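Structure file data.txt (compact mmCIF, C-alpha atoms) is printed below.
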# COMPACT_ATOMS: atom_id res chain seq x y z
CA MET J 1 -34.88 -7.05 -2.89
CA PRO J 2 -31.93 -5.89 -0.81
CA VAL J 3 -31.52 -2.33 0.36
CA SER J 4 -27.87 -1.29 0.76
CA GLY J 5 -26.58 1.81 2.50
CA LEU J 6 -23.06 2.37 1.23
CA VAL J 7 -20.30 4.92 1.67
CA VAL J 8 -18.39 5.73 -1.51
CA SER J 9 -14.96 7.32 -1.10
CA LEU J 10 -14.17 9.45 -4.14
CA SER J 11 -10.91 10.52 -5.71
CA SER J 12 -9.39 13.78 -4.49
CA GLU J 13 -8.77 14.71 -8.13
CA LYS J 14 -11.59 16.92 -9.39
CA LEU J 15 -12.15 15.51 -12.86
CA PRO J 16 -12.51 11.80 -12.04
CA ARG J 17 -14.48 12.69 -8.90
CA ASP J 18 -16.95 14.86 -10.80
CA GLU J 19 -17.31 12.26 -13.53
CA ALA J 20 -17.98 9.54 -10.97
CA LEU J 21 -20.58 11.70 -9.26
CA GLN J 22 -22.28 12.30 -12.59
CA GLU J 23 -22.37 8.58 -13.39
CA ILE J 24 -23.79 7.79 -9.96
CA ARG J 25 -26.37 10.55 -10.30
CA CYS J 26 -27.58 9.07 -13.58
CA GLU J 27 -28.00 5.54 -12.19
CA PRO J 28 -31.71 5.15 -11.36
CA ARG J 29 -31.16 2.40 -8.81
CA ILE J 30 -29.00 4.66 -6.65
CA ILE J 31 -30.33 7.25 -4.20
CA MET J 32 -27.68 9.86 -3.43
CA GLY J 33 -27.32 11.29 0.04
CA THR J 34 -24.81 13.41 1.92
CA LEU J 35 -21.53 14.32 0.22
CA LYS J 36 -18.74 15.47 2.53
CA ASP J 37 -14.93 15.41 2.24
CA ASN J 38 -15.07 13.28 -0.93
CA ARG J 39 -17.31 10.69 0.74
CA LEU J 40 -20.80 10.06 -0.51
CA ALA J 41 -23.66 8.29 1.20
CA ILE J 42 -25.84 6.29 -1.18
CA VAL J 43 -28.61 3.73 -1.06
CA LEU J 44 -28.89 0.95 -3.63
CA ASP J 45 -32.41 -0.22 -4.33
CA THR J 46 -32.33 -3.41 -6.41
CA ASP J 47 -34.40 -6.52 -7.07
CA SER J 48 -31.86 -9.14 -6.04
CA GLN J 49 -28.53 -9.70 -4.34
CA ALA J 50 -27.01 -10.52 -7.71
CA GLU J 51 -28.10 -7.15 -9.07
CA ASP J 52 -26.86 -5.46 -5.90
CA GLN J 53 -23.46 -7.09 -6.32
CA GLN J 54 -23.33 -6.12 -9.97
CA LEU J 55 -24.03 -2.50 -9.04
CA TRP J 56 -21.34 -2.65 -6.36
CA ASN J 57 -18.83 -3.93 -8.92
CA TRP J 58 -19.84 -1.14 -11.30
CA LEU J 59 -19.27 1.44 -8.56
CA GLU J 60 -15.82 0.08 -7.69
CA ALA J 61 -14.83 0.12 -11.33
CA LEU J 62 -15.60 3.83 -11.78
CA PRO J 63 -12.27 5.66 -12.17
CA GLY J 64 -13.23 8.32 -9.64
CA VAL J 65 -14.18 5.83 -6.92
CA VAL J 66 -11.49 4.91 -4.38
CA LEU J 67 -13.43 2.67 -1.97
CA VAL J 68 -16.93 1.33 -1.42
CA GLU J 69 -17.89 0.41 2.14
CA VAL J 70 -21.03 -0.93 3.77
CA ALA J 71 -22.96 0.95 6.41
CA PHE J 72 -26.21 -1.02 6.33
CA ILE J 73 -27.72 -3.91 4.40
CA GLY J 74 -31.36 -4.96 4.55
CA PHE J 75 -31.65 -8.15 2.54
CA GLU J 76 -34.74 -10.01 1.54
CA THR J 77 -34.86 -11.27 -2.02
CA LYS J 78 -38.05 -11.99 -3.92
CA GLN J 79 -37.11 -15.69 -3.96
CA ASP J 80 -36.62 -15.78 -0.20
CA SER J 81 -39.64 -13.71 0.81
CA THR J 82 -42.44 -15.85 2.24
CA SER J 83 -44.98 -13.09 1.99
CA GLU J 84 -45.03 -13.07 -1.81
CA MET Y 1 -41.19 -6.95 0.96
CA ASP Y 2 -44.08 -4.59 1.73
CA ALA Y 3 -43.79 -0.93 0.86
CA ASP Y 4 -43.74 0.33 4.44
CA ARG Y 5 -40.95 -2.01 5.42
CA ARG Y 6 -38.97 -1.13 2.32
CA LYS Y 7 -39.35 2.57 3.06
CA PHE Y 8 -38.20 1.95 6.63
CA LEU Y 9 -35.13 0.05 5.44
CA LYS Y 10 -34.20 2.72 2.89
CA GLU Y 11 -34.41 5.40 5.58
CA ALA Y 12 -32.30 3.30 7.93
CA ALA Y 13 -29.76 2.60 5.18
CA MET Y 14 -29.43 6.27 4.27
CA ALA Y 15 -29.18 7.30 7.91
CA ALA Y 16 -26.41 4.79 8.58
CA ALA Y 17 -24.46 5.77 5.47
CA SER Y 18 -24.92 9.48 6.15
CA ALA Y 19 -23.77 9.08 9.73
CA ALA Y 20 -20.60 7.40 8.52
CA VAL Y 21 -20.01 10.24 6.06
CA ILE Y 22 -20.74 13.03 8.50
CA GLY Y 23 -18.95 11.25 11.32
CA ARG Y 24 -21.57 12.11 13.91
CA SER Y 25 -23.06 9.13 15.68
CA GLN Y 26 -26.16 11.03 16.76
CA ALA Y 27 -27.38 11.11 13.19
CA VAL Y 28 -27.75 7.32 13.01
CA HIS Y 29 -31.28 5.99 12.83
CA SER Y 30 -32.31 4.62 16.16
CA SER Y 31 -32.96 1.17 14.75
CA VAL Y 32 -29.30 0.63 14.06
CA VAL Y 33 -27.89 2.36 17.10
CA GLU Y 34 -28.15 0.06 20.04
CA ALA Y 35 -28.02 -3.68 20.43
CA SER Y 36 -31.11 -5.50 21.69
CA GLN Y 37 -33.30 -2.66 20.57
CA VAL Y 38 -36.46 -3.51 18.68
CA ASP Y 39 -37.59 -1.17 15.96
CA GLY Y 40 -39.89 -1.76 13.02
CA GLY Y 41 -40.20 -5.40 14.12
CA ILE Y 42 -36.43 -5.89 13.84
CA ARG Y 43 -34.40 -6.79 16.92
CA TRP Y 44 -30.78 -5.66 16.78
CA ASN Y 45 -27.97 -7.57 18.40
CA LYS Y 46 -24.22 -7.56 18.13
CA ALA Y 47 -21.86 -10.07 16.55
CA PRO Y 48 -18.35 -10.22 15.11
CA CYS Y 49 -17.75 -10.60 11.41
CA ARG Y 50 -15.92 -13.90 11.00
CA PHE Y 51 -14.72 -13.48 7.44
CA CYS Y 52 -11.24 -12.18 8.18
CA GLY Y 53 -8.91 -11.26 11.00
CA THR Y 54 -9.81 -7.57 11.15
CA GLY Y 55 -12.52 -8.20 13.74
CA CYS Y 56 -15.21 -5.79 12.57
CA HIS Y 57 -18.18 -5.37 14.86
CA VAL Y 58 -21.52 -6.05 13.22
CA GLN Y 59 -25.04 -5.21 14.29
CA VAL Y 60 -27.41 -7.94 13.21
CA GLY Y 61 -31.10 -7.28 12.65
CA VAL Y 62 -33.34 -10.31 13.32
CA GLN Y 63 -37.01 -10.64 12.51
CA GLN Y 64 -39.10 -13.75 13.12
CA GLY Y 65 -36.00 -15.77 13.80
CA GLU Y 66 -34.19 -14.76 10.61
CA VAL Y 67 -31.41 -12.30 9.93
CA VAL Y 68 -32.87 -9.58 7.73
CA ALA Y 69 -30.35 -6.75 8.06
CA ILE Y 70 -26.78 -6.01 9.06
CA ALA Y 71 -24.97 -2.79 9.82
CA GLY Y 72 -21.52 -1.76 10.96
CA ASP Y 73 -21.34 -0.97 14.66
CA LYS Y 74 -20.67 2.74 14.98
CA HIS Y 75 -19.32 2.23 18.51
CA ALA Y 76 -16.52 -0.06 17.32
CA ASP Y 77 -13.02 1.44 17.20
CA VAL Y 78 -12.01 -1.11 14.60
CA ASN Y 79 -14.51 -0.34 11.86
CA LYS Y 80 -16.36 2.74 13.09
CA GLY Y 81 -19.74 1.83 11.66
CA LEU Y 82 -18.50 0.46 8.35
CA LEU Y 83 -18.08 -2.98 6.82
CA CYS Y 84 -16.53 -4.25 3.62
CA VAL Y 85 -18.05 -6.49 0.94
CA LYS Y 86 -17.38 -9.50 3.18
CA GLY Y 87 -19.49 -7.89 5.87
CA TYR Y 88 -22.18 -7.42 3.25
CA HIS Y 89 -22.51 -11.20 3.03
CA VAL Y 90 -22.01 -12.13 6.66
CA GLY Y 91 -25.72 -12.34 7.39
CA ALA Y 92 -26.96 -13.58 4.03
CA ILE Y 93 -24.62 -16.56 3.75
CA MET Y 94 -26.60 -18.42 6.39
CA TYR Y 95 -29.43 -18.68 3.87
CA GLY Y 96 -27.37 -19.55 0.81
CA ARG Y 97 -29.08 -22.22 -1.29
CA ASP Y 98 -25.97 -24.42 -1.35
CA ARG Y 99 -25.28 -24.20 2.35
CA LEU Y 100 -24.90 -27.61 3.98
CA THR Y 101 -27.51 -27.96 6.72
CA LYS Y 102 -27.92 -31.73 7.06
CA PRO Y 103 -25.42 -34.58 7.15
CA LEU Y 104 -24.89 -36.26 3.78
CA LEU Y 105 -23.27 -39.65 3.19
CA ARG Y 106 -21.72 -40.54 -0.14
CA LYS Y 107 -23.23 -43.73 -1.54
CA GLY Y 108 -21.72 -44.46 -4.91
CA ALA Y 109 -21.91 -41.32 -6.98
CA GLU Y 110 -24.59 -39.71 -4.85
CA PHE Y 111 -24.84 -37.89 -1.55
CA VAL Y 112 -27.69 -39.27 0.55
CA GLU Y 113 -29.17 -37.41 3.49
CA ILE Y 114 -28.82 -39.19 6.85
CA THR Y 115 -29.68 -38.26 10.43
CA TRP Y 116 -27.19 -36.68 12.85
CA GLU Y 117 -27.26 -39.88 14.92
CA GLN Y 118 -26.36 -41.96 11.85
CA ALA Y 119 -23.60 -39.50 10.94
CA ILE Y 120 -22.01 -39.56 14.40
CA ASP Y 121 -22.26 -43.38 14.58
CA THR Y 122 -20.67 -43.76 11.15
CA ILE Y 123 -17.81 -41.42 11.97
CA ALA Y 124 -17.17 -43.00 15.37
CA ARG Y 125 -17.14 -46.55 13.93
CA ARG Y 126 -14.68 -45.62 11.20
CA ILE Y 127 -12.37 -43.79 13.58
CA LEU Y 128 -12.32 -46.63 16.08
CA ARG Y 129 -11.67 -49.18 13.32
CA ALA Y 130 -8.33 -47.44 12.53
CA PRO Y 131 -7.64 -44.39 14.73
CA GLU Y 132 -4.11 -44.02 13.36
CA LYS Y 133 -5.57 -43.40 9.91
CA PHE Y 134 -7.82 -40.56 11.03
CA ALA Y 135 -6.75 -36.97 10.37
CA PHE Y 136 -8.27 -33.69 11.44
CA TYR Y 137 -7.98 -30.57 9.31
CA GLY Y 138 -9.06 -27.65 11.42
CA SER Y 139 -9.24 -23.94 10.90
CA GLY Y 140 -7.70 -20.70 12.04
CA GLN Y 141 -11.27 -19.49 12.32
CA TRP Y 142 -12.36 -22.04 14.92
CA THR Y 143 -12.78 -20.78 18.45
CA ILE Y 144 -10.15 -21.41 21.11
CA PRO Y 145 -12.40 -23.92 22.93
CA GLU Y 146 -12.96 -25.76 19.61
CA GLY Y 147 -9.24 -25.94 18.90
CA TYR Y 148 -8.55 -27.11 22.45
CA ALA Y 149 -11.22 -29.81 22.22
CA ALA Y 150 -9.88 -31.02 18.86
CA GLN Y 151 -6.32 -31.28 20.23
CA LYS Y 152 -7.51 -33.16 23.30
CA PHE Y 153 -9.57 -35.53 21.20
CA MET Y 154 -6.77 -36.31 18.77
CA LYS Y 155 -3.72 -36.36 21.00
CA GLY Y 156 -5.24 -37.29 24.33
CA GLY Y 157 -8.13 -39.44 23.10
CA LEU Y 158 -6.75 -41.12 19.99
CA SER Y 159 -2.98 -40.76 20.66
CA ASN Y 160 -2.83 -39.39 17.14
CA ASN Y 161 -0.79 -36.46 15.91
CA HIS Y 162 -2.55 -35.96 12.58
CA ILE Y 163 -4.08 -32.62 13.30
CA ASP Y 164 -3.37 -29.35 11.53
CA PRO Y 165 -5.31 -26.19 10.74
CA ASN Y 166 -5.19 -23.88 7.75
CA ALA Y 167 -3.04 -21.65 9.93
CA ARG Y 168 -0.11 -23.81 8.84
CA LEU Y 169 -0.38 -22.02 5.50
CA CYS Y 170 -1.04 -18.60 6.99
CA MET Y 171 -0.33 -17.51 10.54
CA ALA Y 172 2.18 -20.26 11.30
CA SER Y 173 4.73 -18.66 8.99
CA ALA Y 174 4.15 -15.29 10.62
CA VAL Y 175 4.46 -16.86 14.08
CA THR Y 176 7.85 -18.25 13.13
CA GLY Y 177 8.94 -14.89 11.79
CA PHE Y 178 7.79 -13.02 14.90
CA ILE Y 179 9.44 -15.41 17.32
CA ALA Y 180 12.67 -15.38 15.32
CA THR Y 181 12.69 -11.59 15.08
CA TYR Y 182 11.04 -10.31 18.24
CA GLY Y 183 11.17 -13.33 20.50
CA VAL Y 184 7.40 -13.32 20.86
CA ASP Y 185 4.43 -14.23 18.69
CA GLU Y 186 2.98 -10.76 18.32
CA PRO Y 187 2.89 -8.29 15.44
CA ALA Y 188 4.88 -5.20 16.38
CA GLY Y 189 2.11 -2.74 15.72
CA CYS Y 190 -1.54 -1.94 16.16
CA TYR Y 191 -4.42 -0.59 14.09
CA GLU Y 192 -3.76 2.96 15.27
CA ASP Y 193 -0.47 2.81 13.36
CA LEU Y 194 -2.56 2.83 10.19
CA ASP Y 195 -4.21 6.06 11.29
CA THR Y 196 -0.99 7.90 12.03
CA CYS Y 197 1.83 6.55 9.86
CA ASP Y 198 3.44 8.89 7.34
CA VAL Y 199 4.49 6.06 5.08
CA LEU Y 200 2.83 2.69 4.55
CA ILE Y 201 4.86 0.06 2.74
CA ASN Y 202 3.09 -3.06 1.48
CA TRP Y 203 5.47 -5.98 1.00
CA GLY Y 204 3.35 -8.25 -1.19
CA ASN Y 205 0.32 -7.39 0.91
CA ASN Y 206 -3.00 -6.48 -0.73
CA PRO Y 207 -4.99 -4.75 2.03
CA ALA Y 208 -7.41 -3.03 -0.36
CA GLU Y 209 -8.95 -6.42 -1.13
CA ASN Y 210 -8.01 -8.56 1.87
CA HIS Y 211 -8.71 -6.11 4.68
CA PRO Y 212 -10.56 -3.15 3.11
CA VAL Y 213 -11.76 -1.74 6.41
CA LEU Y 214 -8.19 -1.45 7.65
CA PHE Y 215 -6.95 -0.02 4.37
CA SER Y 216 -9.63 2.62 4.43
CA ARG Y 217 -8.06 3.91 7.66
CA VAL Y 218 -4.98 4.75 5.59
CA VAL Y 219 -6.56 6.18 2.46
CA ASP Y 220 -9.49 7.94 4.04
CA ARG Y 221 -8.19 9.48 7.24
CA PRO Y 222 -10.20 12.69 7.53
CA ALA Y 223 -13.38 10.67 7.23
CA HIS Y 224 -12.27 8.41 10.08
CA GLY Y 225 -11.87 11.39 12.35
CA VAL Y 226 -8.11 11.05 12.65
CA LYS Y 227 -6.70 14.03 14.43
CA GLY Y 228 -3.20 15.38 14.16
CA ARG Y 229 -1.69 13.45 11.27
CA ALA Y 230 -4.82 13.54 9.15
CA LYS Y 231 -2.92 13.97 5.88
CA PRO Y 232 -2.89 10.91 3.64
CA ALA Y 233 -0.03 8.48 4.02
CA HIS Y 234 2.50 7.93 1.29
CA VAL Y 235 1.60 4.37 0.24
CA ILE Y 236 4.32 2.30 -1.43
CA ASP Y 237 3.07 -0.97 -2.85
CA ILE Y 238 5.80 -3.55 -3.49
CA GLY Y 239 4.70 -6.77 -5.17
CA THR Y 240 5.13 -9.34 -7.86
CA ARG Y 241 1.82 -8.32 -9.44
CA ARG Y 242 -0.48 -5.30 -9.51
CA THR Y 243 -3.56 -5.44 -7.32
CA ARG Y 244 -6.34 -3.07 -6.31
CA THR Y 245 -3.96 -1.82 -3.63
CA SER Y 246 -1.51 -0.88 -6.38
CA GLU Y 247 -4.19 1.26 -8.00
CA LEU Y 248 -4.74 3.15 -4.77
CA ALA Y 249 -1.08 3.44 -3.76
CA THR Y 250 1.10 6.49 -4.27
CA GLU Y 251 3.61 4.34 -6.09
CA PHE Y 252 3.96 0.71 -7.16
CA LEU Y 253 7.27 -1.18 -7.33
CA LEU Y 254 7.27 -4.40 -9.35
CA MET Y 255 9.43 -7.00 -7.64
CA LYS Y 256 10.78 -10.39 -8.69
CA PRO Y 257 9.48 -13.38 -6.71
CA HIS Y 258 11.44 -13.67 -3.43
CA GLY Y 259 12.84 -10.19 -4.10
CA ASP Y 260 11.60 -8.82 -0.77
CA VAL Y 261 14.45 -10.37 1.22
CA ALA Y 262 17.06 -8.96 -1.17
CA LEU Y 263 15.31 -5.59 -1.02
CA ALA Y 264 15.38 -5.54 2.77
CA LEU Y 265 19.06 -6.52 2.79
CA GLY Y 266 19.80 -3.79 0.25
CA ILE Y 267 18.08 -1.20 2.44
CA MET Y 268 19.99 -2.38 5.50
CA HIS Y 269 23.24 -2.25 3.55
CA VAL Y 270 22.67 1.42 2.69
CA LEU Y 271 21.74 2.32 6.26
CA VAL Y 272 24.88 0.66 7.63
CA ALA Y 273 27.18 1.90 4.87
CA GLU Y 274 26.04 5.48 5.39
CA ASN Y 275 26.05 5.06 9.16
CA ASN Y 276 22.48 6.22 9.13
CA TYR Y 277 20.88 4.12 11.85
CA ASP Y 278 20.23 4.41 15.57
CA ALA Y 279 23.46 2.88 16.90
CA ASN Y 280 22.36 3.25 20.50
CA PHE Y 281 19.16 1.29 19.86
CA VAL Y 282 21.01 -1.39 17.94
CA GLU Y 283 23.56 -1.80 20.71
CA LYS Y 284 20.95 -1.99 23.46
CA HIS Y 285 18.09 -3.85 21.84
CA CYS Y 286 19.17 -5.84 18.80
CA SER Y 287 20.73 -9.25 18.54
CA PHE Y 288 21.77 -10.81 15.26
CA ARG Y 289 21.53 -14.37 14.00
CA ALA Y 290 22.59 -16.14 10.85
CA PRO Y 291 22.13 -19.63 9.40
CA GLN Y 292 24.72 -22.13 10.54
CA GLU Y 293 27.40 -23.16 8.03
CA SER Y 294 26.25 -26.76 8.11
CA ASN Y 295 22.76 -28.08 8.96
CA PRO Y 296 21.19 -24.62 9.10
CA THR Y 297 18.18 -24.28 11.38
CA LEU Y 298 15.36 -21.77 11.32
CA LEU Y 299 16.63 -19.81 14.30
CA GLY Y 300 20.25 -19.99 13.21
CA GLU Y 301 23.12 -19.04 15.51
CA ALA Y 302 24.06 -15.81 17.26
CA ILE Y 303 26.50 -13.48 15.50
CA SER Y 304 27.89 -10.07 16.37
CA PHE Y 305 26.80 -6.82 14.78
CA ASP Y 306 30.22 -6.59 13.08
CA GLU Y 307 29.71 -9.99 11.58
CA PHE Y 308 26.23 -8.98 10.47
CA LYS Y 309 27.71 -5.93 8.71
CA GLN Y 310 30.22 -8.14 6.94
CA ARG Y 311 27.47 -10.50 5.77
CA ILE Y 312 25.32 -7.74 4.28
CA ALA Y 313 28.27 -5.95 2.69
CA LYS Y 314 27.68 -7.70 -0.62
CA TYR Y 315 24.05 -6.51 -0.82
CA THR Y 316 24.88 -3.22 -2.43
CA PRO Y 317 21.91 -1.44 -4.03
CA GLU Y 318 23.13 -2.66 -7.41
CA HIS Y 319 23.33 -6.28 -6.32
CA ALA Y 320 20.00 -6.07 -4.46
CA ALA Y 321 18.50 -4.52 -7.60
CA GLU Y 322 19.62 -7.50 -9.65
CA LEU Y 323 18.09 -9.91 -7.15
CA SER Y 324 14.87 -7.99 -6.44
CA GLY Y 325 14.06 -6.33 -9.76
CA ILE Y 326 13.78 -2.96 -8.01
CA SER Y 327 16.18 -0.26 -9.17
CA ALA Y 328 19.22 0.73 -7.13
CA ALA Y 329 17.98 4.32 -7.07
CA LYS Y 330 14.65 3.22 -5.59
CA ILE Y 331 16.42 1.08 -2.98
CA ARG Y 332 18.42 4.15 -1.94
CA GLU Y 333 15.19 6.16 -1.76
CA LEU Y 334 13.59 3.56 0.49
CA ALA Y 335 16.68 3.52 2.71
CA LYS Y 336 16.43 7.31 2.98
CA LEU Y 337 12.86 6.96 4.23
CA PHE Y 338 13.87 4.44 6.90
CA ALA Y 339 16.79 6.65 7.91
CA ASN Y 340 14.51 9.62 8.56
CA ARG Y 341 13.65 9.39 12.24
CA ASP Y 342 10.91 11.97 11.91
CA LEU Y 343 8.94 9.66 9.67
CA ARG Y 344 6.54 7.08 11.01
CA ILE Y 345 6.75 4.04 8.75
CA THR Y 346 4.43 1.04 8.97
CA SER Y 347 5.08 -2.07 6.91
CA LEU Y 348 2.47 -4.65 6.01
CA TRP Y 349 3.87 -7.95 4.80
CA CYS Y 350 2.27 -11.20 3.65
CA MET Y 351 -1.39 -10.77 4.58
CA GLY Y 352 -3.03 -8.78 7.31
CA MET Y 353 -1.57 -6.56 9.99
CA ASN Y 354 1.82 -8.14 10.52

Here is a file; write its structure as structure tokens.
Amino acid sequence: MPVSGLVVSLSSEKLPRDEALQEIRCEPRIIMGTLKDNRLAIVLDTDSQAEDQQLWNWLEALPGVVLVEVAFIGFETKQDSTSE
Amino acid sequence: MDADRRKFLKEAAMAAASAAVIGRSQAVHSSVVEASQVDGGIRWNKAPCRFCGTGCHVQVGVQQGEVVAIAGDKHADVNKGLLCVKGYHVGAIMYGRDRLTKPLLRKGAEFVEITWEQAIDTIARRILRAPEKFAFYGSGQWTIPEGYAAQKFMKGGLSNNHIDPNARLCMASAVTGFIATYGVDEPAGCYEDLDTCDVLINWGNNPAENHPVLFSRVVDRPAHGVKGRAKPAHVIDIGTRRTRTSELATEFLLMKPHGDVALALGIMHVLVAENNYDANFVEKHCSFRAPQESNPTLLGEAISFDEFKQRIAKYTPEHAAELSGISAAKIRELAKLFANRDLRITSLWCMGMN
């Protein structure tokens, strides 16, 4: 169940930026944080690395998203956890 | 993962991401700030990301002997607290299910696990049986001591020249280009050029996917705290195919394969024809070479500037357009950019910062 802290760089054009923000806001696995100068801090909370990667790909594909970068990753999948 | 630990990680993740957004290092959660610090049971230490040549600094969180978290090192000038998708995997790949952790010997159609002693004995016997038939394929990612040891082993130990790394397909071509052009194996630029250039021209390079952290310094300058020339660069992407870089560039120019040389010659032709170049610099610092008439070599032979001008005379924008697939008008535009001495232009060719 990895926890990913990402920085999303958004388009400087208002319409695609606002649409991307709305899409991200509606995604329940994403926690939105600080937004400044078209850069948004988010946390992905997923059940597996595969799901994390899929969400990353979805973010990159949003028309209003310019870049997705990693600030922090805490990874421990259900399969790898010895405590479960 | 227990709830408390998960909560801790989410807080740390948000703090790290927020710090990168705000650009203030003091906001970063203490558990990802300093190496060798222990917080929440996680000990943080520092490592390089080995996935590409950018050289991002990574903070690695270890718990009970296993890597459980990674973060970009906020103190690093290269990546300033951020990593790309390759950095995402740099810790997790050590625990990939298909990672090779024990020696395996092929027996028939199967791979059978053997001990390290058996593996070393088997390899040594086979090499000594026919040392001239042994080859070593190394890597541009091996360390300098590893490369040195491999060379010594092959050439000094086995008197065998069959050693080559993957750099033959990558850096070796750049090395040749640098030595031929600048007389030294060094790219004529540095990462700060990406922060301050007015124009970035990609010649078949795809930095958005190959070196995202470096590319973000071009497309996201205010966020990287660039002072002075914080306005975005004009990014011209020249390539034989569209890439993610093309999507993020200001303009994309579709080029025929091998068209880059014709394009460069066309630009030079315009600069010379319009007498729009720094003649003083050329006279003091440039020497010109051309392939020999017969048996041409890589370094060619020395020619004069006048002879160089004669040789590029045929590369008019129209002729270069035919060879490169890029319009004559666009070639003239590019020449105008290079002629403007107030503009800072950085070019990225092949792959990486070259």

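The protein and nucleic acid residues lying at most 8 Å from J:Val8 are Arg39, Leu40, Ala41, Ile42, Val65, Val66, Leu67, Val68 and Glu69 of chain J, with all atoms listed in the file considered and sequence neighbours fewer than 4 positions away removed.
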
Just the selected residues (C-alpha atoms), exported as an mmCIF file, keeping the file's coordinate frame, please.
data_model
loop_
_atom_site.group_PDB
_atom_site.id
_atom_site.type_symbol
_atom_site.label_atom_id
_atom_site.label_comp_id
_atom_site.auth_asym_id
_atom_site.auth_seq_id
_atom_site.Cartn_x
_atom_site.Cartn_y
_atom_site.Cartn_z
ATOM 1 C CA ARG J 39 -17.310 10.690 0.740
ATOM 2 C CA LEU J 40 -20.800 10.060 -0.510
ATOM 3 C CA ALA J 41 -23.660 8.290 1.200
ATOM 4 C CA ILE J 42 -25.840 6.290 -1.180
ATOM 5 C CA VAL J 65 -14.180 5.830 -6.920
ATOM 6 C CA VAL J 66 -11.490 4.910 -4.380
ATOM 7 C CA LEU J 67 -13.430 2.670 -1.970
ATOM 8 C CA VAL J 68 -16.930 1.330 -1.420
ATOM 9 C CA GLU J 69 -17.890 0.410 2.140
#

What residues in chain Y have any atom no more than 8 Å from chain J when counting all atoms listed in the file, and can you write them as a ChimeraX atom specification? /Y:1,6,9-10,12-14,16-18,20-22,68-72,81-85,87-88,92,213,216,220,222-223,248

Take the point (-23.2, -1.4, -9.8) as written in the file and pick out every residue within 10 Å of it, counting only C-alpha atoms; give the list as a list in words.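 The residues that fall inside the cut-off are Ile24, Glu27, Arg29, Ile30, Leu44, Thr46, Glu51, Asp52, Gln53, Gln54, Leu55, Trp56, Asn57, Trp58, Leu59, Glu60, Ala61 and Leu62 of chain J.
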
Near Y:Val270, within 12 Å and counting only C-alpha atoms, which residues show up once chain neighbours fewer than 5 positions away are dropped, as a list in words?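 In the requested form, the answer reads Leu263, Ala264, Leu265, Asn275, Asn276, Tyr277, Lys309, Ile312, Ala313, Lys314, Tyr315, Thr316, Pro317, Glu318, His319, Ala320, Ala328, Ala329, Lys330, Ile331, Arg332, Glu333, Leu334, Ala335, Lys336, Leu337, Phe338 and Ala339 of chain Y.
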
Atom CA of Y:Arg99 and atom CA of Y:Ala135, how far apart in Å?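 The value is 23.9 Å.
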
Nearest candidate to Y:Trp203 (options Y:Lys7, Y:Arg168, Y:Lys152, Y:Arg241; using only C-alpha atoms):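 Distance minimum relative to Y:Trp203 lands on Y:Arg241.
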
Which distance in Å separates atom CA of Y:Asp193 and atom CA of Y:Ser324, to one decimal?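 Computing the Euclidean distance for atom CA of Y:Asp193 and atom CA of Y:Ser324 yields 27.3 Å.
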
When you draw a straight line from atom CA of Y:Asn205 to atom CA of Y:Met255, how long is it in Å?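 Rounded to one decimal, the two atoms are 12.5 Å apart.
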
Need to verify the contact set: stretch 155-157 of chain Y, 12 Å, only C-alpha atoms, exclusion of same-chain residues closer than 4 positions in sequence. Can you return it as a list in words? Ile127, Leu128, Pro131, Glu132, Phe134, Ala135, Phe136, Gly147, Tyr148, Ala149, Ala150, Gln151, Asn161, His162, Ile163 and Asp164 of chain Y

Using the selection just defined, write its residues with C-alpha atoms as a PDB file, keeping the file's coordinate frame.
ATOM      1  CA  ILE Y 127     -12.370 -43.790  13.580  1.00  0.00           C
ATOM      2  CA  LEU Y 128     -12.320 -46.630  16.080  1.00  0.00           C
ATOM      3  CA  PRO Y 131      -7.640 -44.390  14.730  1.00  0.00           C
ATOM      4  CA  GLU Y 132      -4.110 -44.020  13.360  1.00  0.00           C
ATOM      5  CA  PHE Y 134      -7.820 -40.560  11.030  1.00  0.00           C
ATOM      6  CA  ALA Y 135      -6.750 -36.970  10.370  1.00  0.00           C
ATOM      7  CA  PHE Y 136      -8.270 -33.690  11.440  1.00  0.00           C
ATOM      8  CA  GLY Y 147      -9.240 -25.940  18.900  1.00  0.00           C
ATOM      9  CA  TYR Y 148      -8.550 -27.110  22.450  1.00  0.00           C
ATOM     10  CA  ALA Y 149     -11.220 -29.810  22.220  1.00  0.00           C
ATOM     11  CA  ALA Y 150      -9.880 -31.020  18.860  1.00  0.00           C
ATOM     12  CA  GLN Y 151      -6.320 -31.280  20.230  1.00  0.00           C
ATOM     13  CA  ASN Y 161      -0.790 -36.460  15.910  1.00  0.00           C
ATOM     14  CA  HIS Y 162      -2.550 -35.960  12.580  1.00  0.00           C
ATOM     15  CA  ILE Y 163      -4.080 -32.620  13.300  1.00  0.00           C
ATOM     16  CA  ASP Y 164      -3.370 -29.350  11.530  1.00  0.00           C
TER      17      ASP Y 164
END

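The residue set within 10 Å of Y:Arg50, counting all atoms listed in the file and dropping same-chain residues fewer than 6 places from it, reads Cys56, His57, Val58, Lys86, Gly87, Val90, Gln141 and Trp142 of chain Y.
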
Put those residues in a file: C-alpha atoms, as an mmCIF file, in the coordinates of the input.
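What landed in again24.cif:
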data_model
loop_
_atom_site.group_PDB
_atom_site.id
_atom_site.type_symbol
_atom_site.label_atom_id
_atom_site.label_comp_id
_atom_site.auth_asym_id
_atom_site.auth_seq_id
_atom_site.Cartn_x
_atom_site.Cartn_y
_atom_site.Cartn_z
ATOM 1 C CA CYS Y 56 -15.210 -5.790 12.570
ATOM 2 C CA HIS Y 57 -18.180 -5.370 14.860
ATOM 3 C CA VAL Y 58 -21.520 -6.050 13.220
ATOM 4 C CA LYS Y 86 -17.380 -9.500 3.180
ATOM 5 C CA GLY Y 87 -19.490 -7.890 5.870
ATOM 6 C CA VAL Y 90 -22.010 -12.130 6.660
ATOM 7 C CA GLN Y 141 -11.270 -19.490 12.320
ATOM 8 C CA TRP Y 142 -12.360 -22.040 14.920
#
